[in-house]
file input-v4.cif (mmCIF, C-alpha atoms)
data_run
loop_
_atom_site.label_atom_id
_atom_site.label_comp_id
_atom_site.auth_asym_id
_atom_site.auth_seq_id
_atom_site.Cartn_x
_atom_site.Cartn_y
_atom_site.Cartn_z
CA MET A 1 0.00 0.00 0.00
CA PRO A 2 1.62 3.30 -1.08
CA LYS A 3 2.41 5.83 1.64
CA TYR A 4 2.61 9.54 0.84
CA MET A 5 5.54 11.04 2.72
CA LYS A 6 4.98 14.41 1.01
CA SER A 7 2.06 15.72 -1.01
CA GLY A 8 1.54 18.77 -3.20
CA MET A 9 -1.45 21.07 -3.59
CA ASN A 10 -4.89 19.54 -3.40
CA GLN A 11 -6.88 19.00 -6.57
CA ASP A 12 -9.50 21.63 -5.72
CA GLU A 13 -6.84 24.36 -5.67
CA ILE A 14 -5.40 23.17 -8.98
CA LYS A 15 -8.84 23.01 -10.65
CA SER A 16 -9.57 26.57 -9.51
CA MET A 17 -6.37 27.77 -11.17
CA ASP A 18 -7.16 25.77 -14.34
CA SER A 19 -10.57 27.44 -14.58
CA LYS A 20 -9.03 30.91 -14.55
CA VAL A 21 -6.55 29.89 -17.27
CA TYR A 22 -9.39 28.53 -19.43
CA GLU A 23 -11.41 31.74 -19.24
CA SER A 24 -8.43 34.00 -19.93
CA VAL A 25 -7.36 31.98 -22.97
CA ARG A 26 -10.92 31.79 -24.32
CA ASP A 27 -11.26 35.58 -24.19
CA ILE A 28 -7.96 36.19 -25.97
CA ILE A 29 -8.78 33.74 -28.76
CA ASP A 30 -12.21 35.29 -29.22
CA ASP A 31 -10.71 38.79 -29.38
CA ILE A 32 -8.12 37.78 -31.98
CA THR A 33 -10.77 35.94 -34.00
CA HIS A 34 -12.77 39.16 -34.34
CA ASN A 35 -10.04 41.83 -34.28
CA GLY A 36 -7.04 40.16 -35.90
CA ASP A 37 -3.75 42.03 -36.04
CA GLU A 38 -4.95 44.84 -33.77
CA ALA A 39 -5.68 42.38 -30.97
CA VAL A 40 -2.43 40.48 -31.51
CA LEU A 41 -0.44 43.69 -31.18
CA ARG A 42 -2.40 44.74 -28.12
CA TYR A 43 -1.77 41.47 -26.26
CA SER A 44 1.89 41.38 -27.26
CA LYS A 45 2.33 44.86 -25.82
CA LYS A 46 0.36 43.96 -22.68
CA PHE A 47 2.05 40.66 -21.85
CA ASP A 48 5.53 41.04 -23.38
CA ASN A 49 5.97 44.81 -23.72
CA TRP A 50 6.67 44.12 -27.39
CA ALA A 51 5.05 46.14 -30.18
CA PRO A 52 7.26 46.12 -33.29
CA GLU A 53 6.14 47.34 -36.70
CA CYS A 54 6.32 43.73 -37.86
CA PHE A 55 6.54 40.53 -35.82
CA LEU A 56 8.08 38.65 -38.74
CA LEU A 57 11.87 38.87 -38.94
CA SER A 58 13.33 39.66 -42.34
CA LYS A 59 16.02 37.49 -43.92
CA ALA A 60 18.50 40.31 -43.34
CA GLN A 61 17.62 40.48 -39.64
CA ILE A 62 17.99 36.73 -39.27
CA GLU A 63 21.33 36.68 -41.04
CA GLU A 64 22.63 39.52 -38.86
CA ILE A 65 21.52 37.69 -35.71
CA VAL A 66 23.15 34.41 -36.75
CA GLN A 67 26.40 36.22 -37.53
CA SER A 68 26.39 37.80 -34.06
CA ILE A 69 26.32 34.48 -32.19
CA PRO A 70 29.65 33.27 -30.72
CA GLU A 71 31.28 30.48 -32.71
CA GLN A 72 31.21 28.03 -29.78
CA THR A 73 27.48 28.58 -29.30
CA VAL A 74 26.84 27.93 -32.99
CA GLU A 75 28.92 24.75 -32.80
CA ASP A 76 26.99 23.58 -29.76
CA ILE A 77 23.66 24.25 -31.46
CA LYS A 78 24.81 22.37 -34.55
CA PHE A 79 25.98 19.43 -32.41
CA ALA A 80 22.58 19.17 -30.73
CA GLN A 81 20.77 19.49 -34.04
CA THR A 82 22.88 16.71 -35.54
CA GLN A 83 21.81 14.34 -32.77
CA ILE A 84 18.14 15.30 -33.05
CA LYS A 85 18.16 15.09 -36.84
CA ARG A 86 19.82 11.67 -36.77
CA PHE A 87 17.14 10.23 -34.50
CA ALA A 88 14.29 11.95 -36.39
CA GLU A 89 15.59 10.58 -39.71
CA ALA A 90 15.70 7.07 -38.20
CA GLN A 91 12.11 7.49 -37.03
CA LYS A 92 11.05 8.69 -40.50
CA ALA A 93 12.76 5.66 -42.05
CA SER A 94 10.61 3.39 -39.88
CA MET A 95 7.45 4.76 -41.53
CA HIS A 96 6.59 3.03 -44.79
CA ASP A 97 3.91 3.46 -47.40
CA LEU A 98 1.84 0.29 -47.72
CA GLU A 99 0.07 -1.47 -50.57
CA ILE A 100 -1.46 -4.93 -50.36
CA GLU A 101 -3.84 -7.07 -52.41
CA THR A 102 -6.34 -8.28 -49.80
CA LEU A 103 -8.48 -10.24 -52.29
CA PRO A 104 -7.94 -10.97 -55.98
CA GLY A 105 -8.33 -7.59 -57.66
CA VAL A 106 -8.69 -5.57 -54.42
CA THR A 107 -5.77 -3.26 -53.73
CA LEU A 108 -5.60 -1.34 -50.43
CA GLY A 109 -2.87 0.93 -49.21
CA HIS A 110 -1.78 3.96 -47.28
CA LYS A 111 0.53 6.86 -47.99
CA ASN A 112 2.38 8.95 -45.45
CA ILE A 113 1.84 12.59 -46.44
CA PRO A 114 3.42 15.55 -44.56
CA VAL A 115 1.12 18.42 -43.58
CA SER A 116 1.63 21.51 -45.71
CA SER A 117 2.41 23.96 -42.89
CA ALA A 118 3.18 23.96 -39.19
CA CYS A 119 3.76 26.49 -36.45
CA CYS A 120 6.52 25.52 -34.04
CA TYR A 121 6.14 27.37 -30.75
CA ILE A 122 9.36 27.91 -28.83
CA PRO A 123 8.81 29.10 -25.24
CA GLY A 124 10.71 32.09 -23.90
CA GLY A 125 10.41 34.49 -21.01
CA ARG A 126 12.76 33.78 -18.13
CA TYR A 127 14.21 30.78 -19.96
CA PRO A 128 14.72 31.20 -23.72
CA MET A 129 14.15 27.60 -24.82
CA VAL A 130 16.74 27.30 -27.57
CA ALA A 131 16.43 23.50 -27.61
CA SER A 132 12.75 23.65 -28.53
CA ALA A 133 13.76 25.07 -31.89
CA HIS A 134 15.71 21.91 -32.67
CA MET A 135 12.99 19.63 -31.38
CA SER A 136 10.16 21.15 -33.42
CA VAL A 137 11.51 22.97 -36.48
CA LEU A 138 14.10 20.33 -37.35
CA THR A 139 11.64 17.49 -36.80
CA ALA A 140 9.07 19.15 -39.04
CA LYS A 141 11.64 19.62 -41.78
CA VAL A 142 12.75 15.98 -41.57
CA ALA A 143 9.08 15.01 -41.87
CA GLY A 144 8.85 16.99 -45.11
CA VAL A 145 6.71 19.99 -44.07
CA LYS A 146 7.05 22.66 -46.76
CA ARG A 147 6.22 25.74 -44.66
CA VAL A 148 7.57 25.70 -41.13
CA VAL A 149 6.81 28.80 -39.07
CA ALA A 150 8.72 29.34 -35.82
CA CYS A 151 7.60 31.80 -33.18
CA THR A 152 8.95 32.76 -29.80
CA PRO A 153 8.32 35.62 -27.38
CA PRO A 154 10.84 38.40 -26.77
CA SER A 155 13.16 38.02 -23.80
CA ASN A 156 12.94 41.03 -21.51
CA GLY A 157 11.93 43.23 -24.41
CA THR A 158 14.67 42.02 -26.76
CA ILE A 159 14.99 39.41 -29.50
CA PRO A 160 16.33 36.09 -28.09
CA LYS A 161 19.23 35.81 -30.51
CA GLU A 162 20.37 32.28 -29.68
CA THR A 163 16.83 30.98 -30.18
CA VAL A 164 16.53 32.74 -33.53
CA CYS A 165 19.90 31.30 -34.55
CA ALA A 166 18.71 27.80 -33.68
CA MET A 167 15.45 28.34 -35.60
CA ALA A 168 17.36 29.49 -38.67
CA LEU A 169 19.90 26.67 -38.55
CA ALA A 170 17.05 24.17 -38.14
CA GLY A 171 15.49 25.44 -41.37
CA ALA A 172 12.53 27.63 -40.32
CA ASP A 173 10.88 29.32 -43.29
CA GLU A 174 9.39 32.17 -41.24
CA ILE A 175 10.41 33.44 -37.80
CA TYR A 176 8.09 35.58 -35.67
CA ILE A 177 9.02 37.26 -32.42
CA LEU A 178 5.62 36.74 -30.90
CA GLY A 179 4.66 34.72 -27.86
CA GLY A 180 1.92 33.24 -25.74
CA VAL A 181 -1.73 32.71 -26.56
CA GLN A 182 -1.67 35.58 -29.05
CA ALA A 183 0.99 33.83 -31.14
CA LEU A 184 -0.84 30.51 -31.29
CA ALA A 185 -4.21 32.16 -31.99
CA ALA A 186 -2.74 34.30 -34.78
CA LEU A 187 -1.11 31.29 -36.48
CA ALA A 188 -4.17 29.08 -36.05
CA ILE A 189 -6.81 31.60 -37.10
CA GLY A 190 -4.79 33.84 -39.41
CA THR A 191 -4.84 37.63 -39.69
CA ASP A 192 -4.37 40.16 -42.47
CA THR A 193 -0.59 39.83 -42.09
CA ILE A 194 -0.18 36.26 -40.82
CA GLN A 195 -1.09 33.25 -42.92
CA PRO A 196 -2.58 30.40 -40.84
CA VAL A 197 -0.98 26.97 -40.53
CA ASP A 198 -2.32 23.42 -40.43
CA VAL A 199 -0.70 22.25 -37.20
CA LEU A 200 0.49 23.83 -33.92
CA VAL A 201 3.30 22.10 -32.04
CA GLY A 202 5.61 22.80 -29.13
CA PRO A 203 5.70 23.04 -25.35
CA GLY A 204 4.75 25.95 -23.15
CA ASN A 205 3.19 27.07 -19.92
CA ALA A 206 -0.38 26.41 -18.79
CA TYR A 207 -1.72 29.21 -21.02
CA VAL A 208 0.03 27.86 -24.11
CA ALA A 209 -1.23 24.35 -23.39
CA GLU A 210 -4.79 25.63 -22.90
CA ALA A 211 -4.59 27.67 -26.11
CA LYS A 212 -3.65 24.54 -28.05
CA ARG A 213 -6.53 22.68 -26.44
CA GLN A 214 -9.05 25.35 -27.40
CA LEU A 215 -7.67 25.83 -30.92
CA PHE A 216 -7.67 22.11 -31.69
CA GLY A 217 -10.16 21.50 -34.48
CA ARG A 218 -9.39 24.72 -36.28
CA VAL A 219 -5.91 23.27 -36.58
CA GLY A 220 -4.20 20.08 -35.56
CA ILE A 221 -1.96 19.94 -32.51
CA ASP A 222 0.84 17.62 -31.50
CA LEU A 223 -0.26 17.09 -27.88
CA ILE A 224 -0.96 18.97 -24.68
CA ALA A 225 2.50 19.86 -23.42
CA GLY A 226 1.97 22.07 -20.39
CA PRO A 227 4.09 22.61 -17.27
CA THR A 228 6.87 20.05 -17.14
CA GLU A 229 6.56 16.95 -14.94
CA THR A 230 9.36 14.80 -13.57
CA LEU A 231 9.20 11.49 -11.74
CA VAL A 232 12.16 9.67 -10.25
CA ILE A 233 11.70 5.97 -9.47
CA ALA A 234 14.41 4.81 -7.08
CA ASP A 235 15.35 1.93 -4.82
CA HIS A 236 17.97 1.51 -2.09
CA THR A 237 20.80 1.65 -4.67
CA ALA A 238 20.03 5.26 -5.62
CA ASP A 239 22.00 8.30 -4.54
CA ALA A 240 20.00 10.97 -2.71
CA GLU A 241 22.15 13.76 -4.15
CA ILE A 242 21.31 12.67 -7.71
CA VAL A 243 17.62 12.23 -6.88
CA ALA A 244 17.36 15.70 -5.35
CA CYS A 245 19.39 17.33 -8.11
CA ASP A 246 17.26 15.80 -10.85
CA LEU A 247 13.98 16.75 -9.17
CA LEU A 248 15.02 20.35 -8.55
CA GLY A 249 16.67 20.60 -11.95
CA GLN A 250 13.26 20.16 -13.52
CA GLY A 251 11.35 22.03 -10.83
CA GLU A 252 13.12 25.20 -11.92
CA HIS A 253 11.00 25.23 -15.11
CA GLY A 254 8.15 26.90 -13.26
CA THR A 255 6.43 27.25 -9.92
CA ASN A 256 3.70 24.85 -11.10
CA SER A 257 5.99 22.08 -12.36
CA PRO A 258 5.16 18.80 -10.60
CA CYS A 259 8.03 16.59 -9.45
CA ALA A 260 7.73 13.28 -7.64
CA LEU A 261 9.77 10.48 -6.13
CA ILE A 262 8.51 6.92 -5.94
CA THR A 263 10.82 4.76 -3.86
CA THR A 264 11.02 1.43 -2.08
CA SER A 265 13.45 2.92 0.43
CA GLU A 266 12.22 5.06 3.31
CA GLU A 267 15.84 5.89 4.12
CA LEU A 268 16.36 7.29 0.61
CA ALA A 269 13.14 9.31 0.90
CA LEU A 270 14.29 10.94 4.13
CA GLU A 271 17.78 11.60 2.77
CA THR A 272 16.28 13.13 -0.37
CA LEU A 273 14.16 15.53 1.69
CA LYS A 274 17.29 16.72 3.50
CA GLU A 275 19.29 16.92 0.28
CA ILE A 276 16.62 18.99 -1.44
CA GLU A 277 16.77 21.57 1.35
CA ARG A 278 20.55 21.64 1.16
CA GLN A 279 20.62 22.12 -2.60
CA LEU A 280 17.95 24.82 -2.49
CA GLU A 281 20.36 26.92 -0.46
CA VAL A 282 22.80 27.11 -3.38
CA LEU A 283 20.68 26.59 -6.52
CA PRO A 284 20.59 29.85 -8.55
CA THR A 285 17.00 29.18 -9.58
CA ALA A 286 15.84 28.24 -6.08
CA ASP A 287 13.25 31.02 -6.10
CA VAL A 288 11.29 28.97 -8.63
CA ALA A 289 12.30 25.42 -7.69
CA ARG A 290 11.50 25.93 -4.00
CA ILE A 291 7.88 26.88 -4.75
CA SER A 292 7.55 24.09 -7.28
CA TRP A 293 8.73 21.53 -4.73
CA ARG A 294 6.64 23.02 -1.93
CA ASP A 295 3.39 23.14 -3.91
CA TYR A 296 3.76 20.27 -6.36
CA GLY A 297 6.42 17.96 -4.92
CA THR A 298 5.42 14.41 -3.95
CA ILE A 299 7.17 11.46 -2.33
CA ILE A 300 5.50 8.06 -2.44
CA LEU A 301 6.89 5.12 -0.46
CA VAL A 302 6.00 1.72 -1.97
CA ASP A 303 6.55 -1.85 -0.84
CA SER A 304 7.99 -3.24 -4.07
CA ILE A 305 9.22 -2.49 -7.57
CA GLU A 306 5.96 -3.95 -8.89
CA GLU A 307 3.98 -1.45 -6.83
CA ALA A 308 6.25 1.32 -8.12
CA VAL A 309 5.14 0.44 -11.66
CA VAL A 310 1.47 0.67 -10.66
CA GLU A 311 1.91 4.07 -8.99
CA ALA A 312 4.05 5.45 -11.82
CA ASP A 313 1.46 4.44 -14.40
CA LYS A 314 -1.20 6.25 -12.35
CA LEU A 315 0.85 9.46 -12.41
CA ALA A 316 1.62 9.09 -16.16
CA TYR A 317 4.30 11.77 -15.93
CA GLU A 318 6.15 13.42 -18.78
CA HIS A 319 9.70 12.51 -17.72
CA VAL A 320 10.50 9.35 -15.78
CA GLU A 321 13.99 8.71 -14.47
CA VAL A 322 14.73 5.20 -13.24
CA LEU A 323 17.45 4.92 -10.59
CA THR A 324 17.14 1.27 -9.59
CA LYS A 325 19.24 -1.88 -9.63
CA ASP A 326 17.55 -3.03 -12.87
CA PRO A 327 16.36 0.05 -14.81
CA ARG A 328 15.30 -1.93 -17.88
CA TYR A 329 12.64 -3.68 -15.81
CA PHE A 330 10.66 -0.45 -16.14
CA LEU A 331 11.27 -0.32 -19.89
CA LYS A 332 9.60 -3.71 -20.10
CA ASN A 333 6.76 -3.07 -17.65
CA LEU A 334 5.93 0.66 -17.52
CA SER A 335 3.19 1.85 -19.87
CA ASN A 336 2.40 5.52 -19.17
CA TYR A 337 5.27 7.98 -19.64
CA GLY A 338 6.49 10.60 -22.07
CA ALA A 339 10.15 9.60 -22.04
CA LEU A 340 12.23 7.19 -19.96
CA PHE A 341 15.73 7.88 -18.67
CA LEU A 342 17.32 4.62 -17.60
CA GLY A 343 20.06 4.64 -14.97
CA PRO A 344 22.04 7.40 -13.22
CA GLU A 345 24.28 7.91 -16.26
CA THR A 346 21.51 9.74 -18.12
CA ASN A 347 19.03 12.39 -16.98
CA VAL A 348 16.19 14.61 -18.16
CA ALA A 349 18.54 17.47 -19.04
CA TYR A 350 20.19 15.29 -21.70
CA GLY A 351 16.80 14.61 -23.29
CA ASP A 352 15.76 18.24 -22.94
CA LYS A 353 18.79 19.66 -24.68
CA VAL A 354 21.02 17.44 -26.74
CA ILE A 355 20.94 13.64 -26.77
CA GLY A 356 18.53 13.31 -29.70
CA THR A 357 15.13 12.25 -28.39
CA ASN A 358 12.42 14.89 -28.51
CA HIS A 359 11.65 16.96 -25.43
CA THR A 360 8.10 17.96 -26.39
CA LEU A 361 6.24 15.36 -24.37
CA PRO A 362 2.75 14.69 -22.97
CA THR A 363 1.77 16.17 -19.60
CA GLY A 364 -1.37 16.15 -17.48
CA LYS A 365 -1.77 12.36 -17.78
CA ALA A 366 -1.84 12.56 -21.58
CA ALA A 367 0.91 9.92 -21.57
CA ARG A 368 -1.92 7.41 -21.08
CA TYR A 369 -2.86 7.85 -24.76
CA THR A 370 -0.06 9.56 -26.66
CA GLY A 371 3.69 9.73 -26.96
CA GLY A 372 5.75 12.84 -27.58
CA LEU A 373 6.50 14.95 -30.64
CA TRP A 374 8.17 13.07 -33.50
CA VAL A 375 8.16 13.12 -37.29
CA GLY A 376 4.91 11.16 -37.31
CA LYS A 377 3.07 14.09 -35.69
CA PHE A 378 3.64 16.07 -38.90
CA ILE A 379 2.52 13.25 -41.18
CA LYS A 380 -0.96 12.11 -42.18
CA THR A 381 -1.34 8.40 -42.90
CA CYS A 382 -3.98 8.40 -45.63
CA THR A 383 -5.59 5.27 -47.05
CA TYR A 384 -6.65 4.44 -50.62
CA GLN A 385 -8.35 1.59 -52.46
CA GLN A 386 -8.70 0.29 -56.01
CA CYS A 387 -10.68 -2.62 -57.47
CA THR A 388 -10.77 -4.49 -60.76
CA PRO A 389 -14.26 -4.77 -62.31
CA GLU A 390 -14.53 -8.39 -61.17
CA ALA A 391 -13.49 -7.52 -57.61
CA SER A 392 -15.92 -4.57 -57.50
CA SER A 393 -18.84 -6.84 -58.45
CA TYR A 394 -17.80 -9.39 -55.82
CA ILE A 395 -17.32 -6.84 -53.00
CA GLY A 396 -20.45 -4.97 -54.04
CA GLU A 397 -22.77 -7.87 -53.21
CA TYR A 398 -21.47 -7.96 -49.63
CA ALA A 399 -21.55 -4.18 -49.35
CA ALA A 400 -25.16 -3.96 -50.55
CA ARG A 401 -26.40 -6.44 -47.95
CA LEU A 402 -24.44 -4.78 -45.15
CA CYS A 403 -25.71 -1.32 -46.14
CA GLU A 404 -29.30 -2.60 -46.09
CA ILE A 405 -28.86 -3.87 -42.52
CA GLU A 406 -28.05 -0.28 -41.52
CA HIS A 407 -30.90 1.17 -43.66
CA PHE A 408 -28.43 3.13 -45.81
CA MET A 409 -30.28 2.61 -49.06
CA GLY A 410 -28.25 5.19 -50.96
CA HIS A 411 -25.08 3.41 -49.91
CA ARG A 412 -26.69 0.12 -51.00
CA GLU A 413 -27.42 1.54 -54.43
CA GLN A 414 -23.79 2.65 -54.86
CA ALA A 415 -22.78 -0.96 -54.35
CA LEU A 416 -25.53 -2.49 -56.50
CA LEU A 417 -24.78 -0.12 -59.37
CA ARG A 418 -21.28 -1.60 -59.52
CA VAL A 419 -22.62 -5.13 -59.23
CA ARG A 420 -24.96 -4.57 -62.21
CA ARG A 421 -22.40 -2.76 -64.28
CA TYR A 422 -19.34 -4.90 -63.73
CA ARG A 423 -21.04 -8.29 -63.64
CA LYS A 424 -21.39 -7.88 -67.40
CA SER A 425 -17.63 -7.86 -67.81
CA LYS A 426 -17.27 -11.36 -66.39
#

call {"tool": "encode", "arguments": {"input": "input-v4.cif", "output": "structure tokens"}}
result
Amino acid sequence: MPKYMKSGMNQDEIKSMDSKVYESVRDIIDDITHNGDEAVLRYSKKFDNWAPECFLLSKAQIEEIVQSIPEQTVEDIKFAQTQIKRFAEAQKASMHDLEIETLPGVTLGHKNIPVSSACCYIPGGRYPMVASAHMSVLTAKVAGVKRVVACTPPSNGTIPKETVCAMALAGADEIYILGGVQALAALAIGTDTIQPVDVLVGPGNAYVAEAKRQLFGRVGIDLIAGPTETLVIADHTADAEIVACDLLGQGEHGTNSPCALITTSEELALETLKEIERQLEVLPTADVARISWRDYGTIILVDSIEEAVVEADKLAYEHVEVLTKDPRYFLKNLSNYGALFLGPETNVAYGDKVIGTNHTLPTGKAARYTGGLWVGKFIKTCTYQQCTPEASSYIGEYAARLCEIEHFMGHREQALLRVRRYRKSK
């Protein structure tokens, strides 16, 4: 029976906050729907103190920004993009068009077709998320998307140059310095100056996640990727310093970023609590991480590794680090997670920044039904069919009877017309 040694905020408090986010996002989307560019500019000025003549960067501006970036930074960005591209290309290679003859003269198949356009949202604010440019723009390009739009908010009233550099190197066709709900609404709905896209992708805060949820249907989305979540599963072999470091390292994302420890060792749980307090005294981002841990931190003591699997699947967290004697046990048995990090030699920061897997991952229990962003999120798998005259007549007899069962007499006639017409060719 699991024992909670530390709990976060209660669900009623969280639902109250979610309700306020929903209403705020709904109002912004409605305003932009009716007032277009004027509303976009107004919200950008209100939330980001950013009101340029044009949100779209020119090619000359982009080139100047890229040239201003230190050589080492450019090399580091290119290194990360090489790893991400390599894995994305391997994923793309695993997707195959299909054609099969299911009956004599009946050919069925599917084609994998990239969407025509996508908006890749790259979060900014306190933390300019350079890595999100690699994860989204580069992945879209590998998938074959023709028009890839990248947008990111200004950073303290200025253009986040490293992020723009990463967007450009990843192959973005258009780059907008525009953030938050107003950016996603503008790219989903379209304005006089901004052409809409087919798909919105990328991580973000609770407002960005809610905007994607409300805009879904007008456009496609990758998944709901809200405030980051991190779970560490550990046994008696784990090191409390590593556990605490990896929890706080993700807690610094935001004050509403859940982080949890599931462990079979009460001693490790107690040591981790002490270690977290010690590290918070020296962590430069402790002002954020401390609140995150206080309000959303959880420690669950379980009796066995098997029970740890059950509790972890209930949480269905975005990131799951496994610090146990046999990490691959969880690879075999865990079902609900965004990404797994097996053993102390790896960690969420590697996945977030450089190792090659994508860091846009499901949150809010969405890991129960979807994985993270990958080339397949930009690709439609579309089916087709073709029959010979003989096969059409044969299939048509079955189709007509089945349509009649459902009282679809027009459907039935479509089938019978083929039966009458193509039976003659026998």

call {"tool": "closest_residue", "arguments": {"input": "input-v4.cif", "among": "A:Pro70, A:Gly144, A:Gly202, A:Gly410", "to": "Cys119 of chain A", "atoms": "all atoms listed in the file"}}
result
A:Gly202

call {"tool": "closest_residue", "arguments": {"input": "input-v4.cif", "among": "A:Ala349, A:Leu361, A:Ala260, A:Ile300", "to": "Ser136 of chain A", "atoms": "only C-alpha atoms"}}
result
A:Leu361

call {"tool": "atom_distance", "arguments": {"input": "input-v4.cif", "atom1": "atom CA of Pro153 of chain A", "atom2": "atom CA of Trp50 of chain A"}}
result
8.7 Å

call {"tool": "closest_residue", "arguments": {"input": "input-v4.cif", "among": "A:Ala399, A:Val25, A:Leu248, A:Ala225", "to": "Glu318 of chain A", "atoms": "all atoms listed in the file"}}
result
A:Ala225

call {"tool": "atom_distance", "arguments": {"input": "input-v4.cif", "atom1": "atom CA of Glu71 of chain A", "atom2": "atom CA of Val354 of chain A"}}
result
17.6 Å

call {"tool": "closest_residue", "arguments": {"input": "input-v4.cif", "among": "A:Leu342, A:Val309, A:Cys165, A:Leu200", "to": "Ala188 of chain A", "atoms": "only C-alpha atoms"}}
result
A:Leu200

call {"tool": "residues_around", "arguments": {"input": "input-v4.cif", "residues": "Ala308 of chain A", "least_positions_apart": "2", "cutoff": "8 Å", "atoms": "all atoms listed in the file", "output": "JSON, numbers by chain"}}
result
{"A": [233, 262, 263, 264, 302, 303, 304, 305, 306, 310, 311, 312]}

call {"tool": "residues_around", "arguments": {"input": "input-v4.cif", "residues": "Gly356 of chain A", "least_positions_apart": "2", "cutoff": "6 Å", "atoms": "only C-alpha atoms", "output": "count of residues only"}}
result
4

call {"tool": "resolve_selection", "arguments": {"input": "input-v4.cif", "expression": "the PyMOL selection byres ((chain A and resi 160) around 10)", "output": "short mmCIF file (atom, residue, chain, number, x, y, z; two decimals) with C-alpha atoms, in the frame of the given file"}}
result
data_model
loop_
_atom_site.label_atom_id
_atom_site.label_comp_id
_atom_site.auth_asym_id
_atom_site.auth_seq_id
_atom_site.Cartn_x
_atom_site.Cartn_y
_atom_site.Cartn_z
CA ILE A 65 21.52 37.69 -35.71
CA GLY A 124 10.71 32.09 -23.90
CA GLY A 125 10.41 34.49 -21.01
CA TYR A 127 14.21 30.78 -19.96
CA PRO A 128 14.72 31.20 -23.72
CA MET A 129 14.15 27.60 -24.82
CA VAL A 130 16.74 27.30 -27.57
CA THR A 152 8.95 32.76 -29.80
CA PRO A 153 8.32 35.62 -27.38
CA PRO A 154 10.84 38.40 -26.77
CA SER A 155 13.16 38.02 -23.80
CA ASN A 156 12.94 41.03 -21.51
CA GLY A 157 11.93 43.23 -24.41
CA THR A 158 14.67 42.02 -26.76
CA ILE A 159 14.99 39.41 -29.50
CA LYS A 161 19.23 35.81 -30.51
CA GLU A 162 20.37 32.28 -29.68
CA THR A 163 16.83 30.98 -30.18
CA VAL A 164 16.53 32.74 -33.53
CA CYS A 165 19.90 31.30 -34.55
CA ILE A 177 9.02 37.26 -32.42
#

call {"tool": "atom_distance", "arguments": {"input": "input-v4.cif", "atom1": "atom CA of Val137 of chain A", "atom2": "atom CA of Lys85 of chain A"}}
result
10.3 Å
